[in-house]
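Reviewing the structure listed below.
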Amino acid sequence: MQQANSSIRRIVVVGGGAAGWLTASIIAVTHKHDDNISITLVESPDISILGVGEGTWPTMRSTLLKIGISEEVFLTQCNASFKQGTSFYNWQSDKGENQYYHPFSLPFRYFESDIAAWWQGHAAEQDFAHAVCSQAALCDNHLAPKQRQTPPYAGIANYGYHLDANKFATLLQQHATTKLGVQHIVDHVDDVVGSPSTPIASIVGRQYGAIEGDLFIDCTGFAARLIGQHYGVPLTPCSNVLANDSAVAIQAPYVDSSVDIASTTHSTAQDNGWIWDIGLPSRKGVGYVYSSAHCSEDEARATLDNYLKHDKKTTDVDVSEARKITFTPGYRKTLWVENCVAIGNSAGFLEPLEASALVMIELSATHIAKQLPRTLCECKAAGRQFNNAFEKKWERIVDFLKLHYVLSEREASAYWRDMRDQRGCSTQLQDWLTLWKSRSPISSDFELREELFPAASYLFVLYGMGFRSHYNDTYQANLHTAEQRQAYAKHVQSIQQQLNGLPTNRQFLNQLAQSNCTQMHF
């Protein structure tokens, strides 16, 4: 039996995929100089990774840099491309076409002025993103956020990535085991040693036998083998707020190797959900996220098929072969019990509208790595701190996703009428929407030390979706200063310079591939 003063030295990550290997890598590199800390990752040979979440936030750049993977290696080995935000098609209304961007870069003079109030009074002939952020124009033209000579992980515009999730997991595995000292055990977990009211002593592999540890990290996905099955921590469902619980997904090759690679994730509203469209160098990842209460699987496949048939960039695919994914939208309010903590889909899963899954893995692993308890008796205190922090983060994601729906004017289907109902909003979101009727979102609206979505993200979604704040006329007039006019003129000039100087995504990635081929020949 483990003693309360036992040191936390042996960390066992149960489950592979991006969640397991990112977690193992982040903890390993943080404690690389501590010879007393060992990290073992155990993954089943029988379970494939979910592998459909192909979008990251800009945070992934600092994560990859920290764990020691070069950007060129990452881009080439993971069939990756640049992501500069999300473009939303027909979300605002089902009466005619409409589109807006949620880019990753901040608006110009974001910290010096009330940019939304200024825009609404003085530049509203342009949509919000195009008026205040150069990135919208870059995305219109499928441009890369950097030039070839720009240093690794640096950019002229803020960016994340689109990637092949299976290749990403393979790269992380190779790097963690060869460079970071992570031990890799391929075995199916048959049993967990310990009671639901005590710390876990070991897990039992079918071939390997007992694998002892001091801290166990559950990255077993929807199965939640440790946090759910062993400790019985329930999932808190969010289906009353976010109804989507199913998806059909497929890979669609390009018609040829010269087509433009999109700079954003495309999200296109449909009658009973929305379609994601992610451009990689050689193919697209396309899927329809929908509510099974409003739409059958056959209807979903027909909707996906109709979307792909109108896509001139991709070859014909058979949607009967599209992968079906079902999930319960929700999260666990208690993520750390005794000496077990859940990360990834075992912690929770919500529709991938703003690609928050990977960033939650990064944040969770970084929190554990930085605040690793020294002894078993510290686990309860560490767990309470972790649970409090991440319950609030999950709540914030639910609020931000719901914001996209309640602002919509789509009304032709029961799905959208249900999703728009503000009675499904949290009190926090309802309060924000009330306050923002007369002013812009401001940083002090968001009290968390590490906010997932900055106030700027709310600005882009609010005003992109047609929301308008009713400002005082005098207040708006006073914002149109000489300094603001000069800054706007420089902003417009900067947009043109970026349009003239940046390569397309396709050009950048082709140059990278050619450079790697040349190096290989020497």
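Chain labels run A, B, ... following the order of the structure tokens; each chain numbers its residues from 1, and ligands are numbered from 1 in the order shown.
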For His130 of chain A, please output as number ranges by chain all residues within 12 Å (counting only C-alpha atoms; exclusion window: fewer than 5 positions along the same chain). A: 99-103, 105-108, 119, 123-125, 135-140, 460, 463-464, 491-492, 495
Which residues are close to Gln422 of chain A, i.e. within 10 Å by only C-alpha atoms, leaving aside same-chain residues fewer than 6 positions away? Reply as an NGL selection string. :A and (241 or 402-403 or 405-407 or 429-430 or 433)
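The smallest atom-to-atom distance between Phe74 of chain A and any of A:Phe111, A:Lys32, A:Leu358, A:Ala169, using only C-alpha atoms, is found for A:Ala169.
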Write out as a Markdown table the residues of segment 209-307 of chain A that have any atom within 12 Å of an atom of segment 361-379 of chain A, one row each with the nearest atom pair and its distance in Å to one decimal, counting only C-alpha atoms, sorted by chain and then rising number.
```
| residue | atom | partner | partner_atom | distance |
| --- | --- | --- | --- | --- |
| A:Gly213 | CA | A:Leu376 | CA | 11.1 |
| A:Asp214 | CA | A:Leu376 | CA | 7.4 |
| A:Leu215 | CA | A:Leu376 | CA | 8.3 |
| A:Phe216 | CA | A:Cys379 | CA | 11.3 |
| A:Ile217 | CA | A:Ala365 | CA | 9.5 |
| A:Asp218 | CA | A:Ala365 | CA | 11.4 |
| A:Cys219 | CA | A:Ile361 | CA | 9.6 |
| A:Gly221 | CA | A:Ile361 | CA | 11.8 |
```
Run DSSP on the backbone and grab whatever in segment 167-401 of chain A lands in alpha helix (DSSP H); send it over as a VMD selection string. chain A and resid 167 to 179 297 to 309 357 to 370 379 to 401
Please report, as a PyMOL selection string, each residue of segment 113-281 of chain A to which DSSP assigns strand (DSSP E or B) when run on this structure's backbone. chain A and resi 143+160-162+183-186+189-193+202-205+209-212+215-218+236-237+246-254+265-270+273-279
Find the residues around Val189 of chain A up to 8 Å (only C-alpha atoms counted), leave out those fewer than 2 positions away in its own chain, and share them as a PyMOL selection string. chain A and resi 44+187+191-192+203-206
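With distances restricted to only C-alpha atoms, A:Glu43 is the closest residue to Tyr208 of chain A from A:Ser134, A:Lys437, A:Trp336, A:Glu43.
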Counting only C-alpha atoms, the residue of A:Gly121, A:Thr76, A:Ala116, A:Phe88 that sits nearest Asn478 of chain A: A:Gly121
Selection: 9 Å around Ser346 of chain A, only C-alpha atoms, excl. self and same-chain fewer than 6 positions, as a PDB file with C-alpha atoms, in the first residue's frame:
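Contents of selection_4.pdb, as written:
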```pdb
ATOM      1  CA  ASP A 218      -5.840   9.051 -18.028  1.00  0.00           C
ATOM      2  CA  CYS A 219      -5.558   9.726 -21.765  1.00  0.00           C
ATOM      3  CA  THR A 220      -7.775   6.807 -22.770  1.00  0.00           C
ATOM      4  CA  GLY A 221     -10.255   8.935 -24.706  1.00  0.00           C
ATOM      5  CA  PHE A 222     -13.988   8.354 -24.515  1.00  0.00           C
ATOM      6  CA  ALA A 223     -13.399   5.081 -22.636  1.00  0.00           C
ATOM      7  CA  ALA A 224     -12.099   7.080 -19.618  1.00  0.00           C
ATOM      8  CA  ARG A 225     -10.626   3.823 -18.288  1.00  0.00           C
ATOM      9  CA  LEU A 226      -9.315   5.312 -15.044  1.00  0.00           C
ATOM     10  CA  ILE A 227     -11.312   8.455 -14.234  1.00  0.00           C
ATOM     11  CA  GLY A 228     -14.638   7.089 -15.452  1.00  0.00           C
ATOM     12  CA  TYR A 331     -17.015  17.305 -19.401  1.00  0.00           C
ATOM     13  CA  ARG A 332     -16.070  15.975 -16.003  1.00  0.00           C
ATOM     14  CA  LEU A 335     -10.773  15.639 -13.355  1.00  0.00           C
TER      15      LEU A 335
END
```
Find, counting only C-alpha atoms, the residue in A:Asn387, A:Gln120, A:Gln77, A:Asn158 that gets nearest to Asn472 of chain A.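 That would be A:Gln120, the residue with the smallest distance to Asn472 of chain A.
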Need to verify the contact set: Asp445 of chain A, 9 Å, only C-alpha atoms, exclusion of same-chain residues closer than 3 positions in sequence. Can you return it as a ChimeraX atom specification? /A:432,441-442,455
